[in-house]
Amino acid sequence: MKKIWIVYLLLFACFALYVLDYRSQTRLNDQWNSGGLQGSIDEKYVMVTFQRGIDYWKSGLKGFEDAAQALNVSVEYRGSTQRDIHEQITVLEQAIAKKPAGIAISAIHPTELTATINKAVDAGIPVVLFDSDAPGSRAFSFLGTDNYSAGVEAARKMAELTGGRGEVAIVTVPDQQNHQERTDGFADTVSKEFPDMHIAAIKNGKGDELYSRQSAEEILRDIPGIAGIFTTEANGGIGVAEAVREYGLTPSGPKIISFDTDKGTLDLVKSGDISATMAQGTWNMGYWSLQLLFSLKHDPDGSQHPGPRVPQRLDTGITVVTRQNVNDYYAK
């Protein structure tokens, strides 16, 4: 008789545990399905960039902050002050030491940060990359522009502006993954689709206005009658426009296509010094970076969601900005 009572007690205990677990899972599922899962204000996520003072990061940070407000969590913005690999590694190491709930990082170099990113993952910190990838790392996702496709679109826009003929040049940052992809997309498209266009030079502007200006001056000096110059980032566009203006070639000189929508670039599009610029979905990069980190933090094994936990790649889009639509891109 005593054994029967023990069996009954064990069965009752198992049933009680089942009910409690079922209620817990149902409540969590309801929160996910209603978009109502909330964190706590002491749950901190970190965004890490480089050249932290530039305008480019503002929209992405705003998206990161907007997602934090929706999820009731805290965020911190960190970044190297210069375009310096070792400084960004140091900043990332400092972020890892604080054991945040997750890290979103734009990698200054496609391979040099891999070991440090993997160190964060090994420490149990979810990491996603945005804007500039480190494809050999174990970060969970990359969110950003399809940079090769952006280069393709820039080449087609250049062909439209130049009548599909003449010599063109590129000012880029060859040691950064996203810029190399933009360069490849542009160069491949010119070669395949526009036989009367020819890429006469590819210069390293180092992501810097002064270096880009110097590169443009070399192009203008060495290639008289250059039809167009494509720059893969905003500082380059401003530097190239300054060089063309200094040579007295505006507005009939080379067509300039730049990247991004900082105020300086938009002003030059509005004045006609830059013919077009490629606008990235930077707010989306920040917003969805935090959403994915939050998902990884709160559902680390994907048990609440069948299939992949988070997408491995998320294309945040590209649009072409010209004088016709430039007013739509100024910060409101």
# chains A, B, ... in the order shown; residues from 1 in each chain; ligands from 1
>>> select_by_dssp(residues="segment 59-264 of chain A", states="alpha helix (DSSP H)", output="ChimeraX atom specification")
/A:59-71,85-97,114-122,147-162,177-193,209-222,234-246,263-264
>>> closest_atom_pairs(of="segment 164-194 of chain A", to="segment 217-228 of chain A", cutoff="8 Å", atoms="only C-alpha atoms", output="JSON lines")
{"residue": "A:Arg165", "atom": "CA", "partner": "A:Ala227", "partner_atom": "CA", "distance": 7.9}
{"residue": "A:Gly166", "atom": "CA", "partner": "A:Ala227", "partner_atom": "CA", "distance": 5.5}
{"residue": "A:Glu167", "atom": "CA", "partner": "A:Ile226", "partner_atom": "CA", "distance": 5.4}
{"residue": "A:Val168", "atom": "CA", "partner": "A:Gly228", "partner_atom": "CA", "distance": 4.7}
{"residue": "A:Ala169", "atom": "CA", "partner": "A:Gly228", "partner_atom": "CA", "distance": 6.4}
>>> closest_residue(among="A:Asn178, A:Thr319, A:Gln88, A:Thr250", to="Gln280 of chain A", atoms="only C-alpha atoms")
A:Thr319
>>> atom_distance(atom1="atom CA of Tyr330 of chain A", atom2="atom CA of Ser275 of chain A")
16.5 Å
>>> atom_distance(atom1="atom CA of Ile170 of chain A", atom2="atom CA of Lys192 of chain A")
16.8 Å
>>> closest_residue(among="A:Phe259, A:Phe130, A:Phe64, A:Phe50", to="Gly144 of chain A", atoms="only C-alpha atoms")
A:Phe130
>>> decode(residues="segment 190-205 of chain A", atoms="N, CA and C atoms", output="compact mmCIF listing (two decimals), in the first residue's frame")
# COMPACT_ATOMS: atom_id res chain seq x y z
N VAL A 190 30.62 47.59 -65.21
CA VAL A 190 31.17 48.38 -66.31
C VAL A 190 31.73 47.45 -67.38
N SER A 191 32.48 46.43 -66.95
CA SER A 191 33.10 45.50 -67.90
C SER A 191 32.07 44.69 -68.68
N LYS A 192 31.01 44.25 -68.00
CA LYS A 192 30.04 43.35 -68.63
C LYS A 192 28.97 44.08 -69.44
N GLU A 193 28.54 45.25 -68.97
CA GLU A 193 27.36 45.88 -69.55
C GLU A 193 27.65 47.12 -70.39
N PHE A 194 28.80 47.73 -70.22
CA PHE A 194 29.05 49.01 -70.90
C PHE A 194 30.42 48.99 -71.59
N PRO A 195 30.48 48.41 -72.77
CA PRO A 195 31.77 48.24 -73.47
C PRO A 195 32.45 49.55 -73.85
N ASP A 196 31.69 50.66 -73.89
CA ASP A 196 32.29 51.95 -74.25
C ASP A 196 32.75 52.73 -73.02
N MET A 197 32.57 52.14 -71.84
CA MET A 197 33.12 52.72 -70.60
C MET A 197 34.32 51.90 -70.17
N HIS A 198 35.30 52.58 -69.58
CA HIS A 198 36.53 51.89 -69.18
C HIS A 198 36.99 52.44 -67.84
N ILE A 199 37.34 51.55 -66.92
CA ILE A 199 37.87 51.99 -65.63
C ILE A 199 39.36 52.25 -65.77
N ALA A 200 39.72 53.53 -65.67
CA ALA A 200 41.09 53.94 -65.92
C ALA A 200 41.95 53.97 -64.67
N ALA A 201 41.32 54.03 -63.48
CA ALA A 201 42.11 54.10 -62.24
C ALA A 201 41.26 53.70 -61.05
N ILE A 202 41.90 53.05 -60.08
CA ILE A 202 41.29 52.77 -58.77
C ILE A 202 42.26 53.27 -57.71
N LYS A 203 41.81 54.22 -56.91
CA LYS A 203 42.69 54.87 -55.93
C LYS A 203 42.21 54.59 -54.50
N ASN A 204 43.16 54.60 -53.57
CA ASN A 204 42.86 54.43 -52.16
C ASN A 204 42.67 55.80 -51.51
N GLY A 205 41.42 56.13 -51.17
CA GLY A 205 41.14 57.39 -50.49
C GLY A 205 41.22 57.29 -48.98
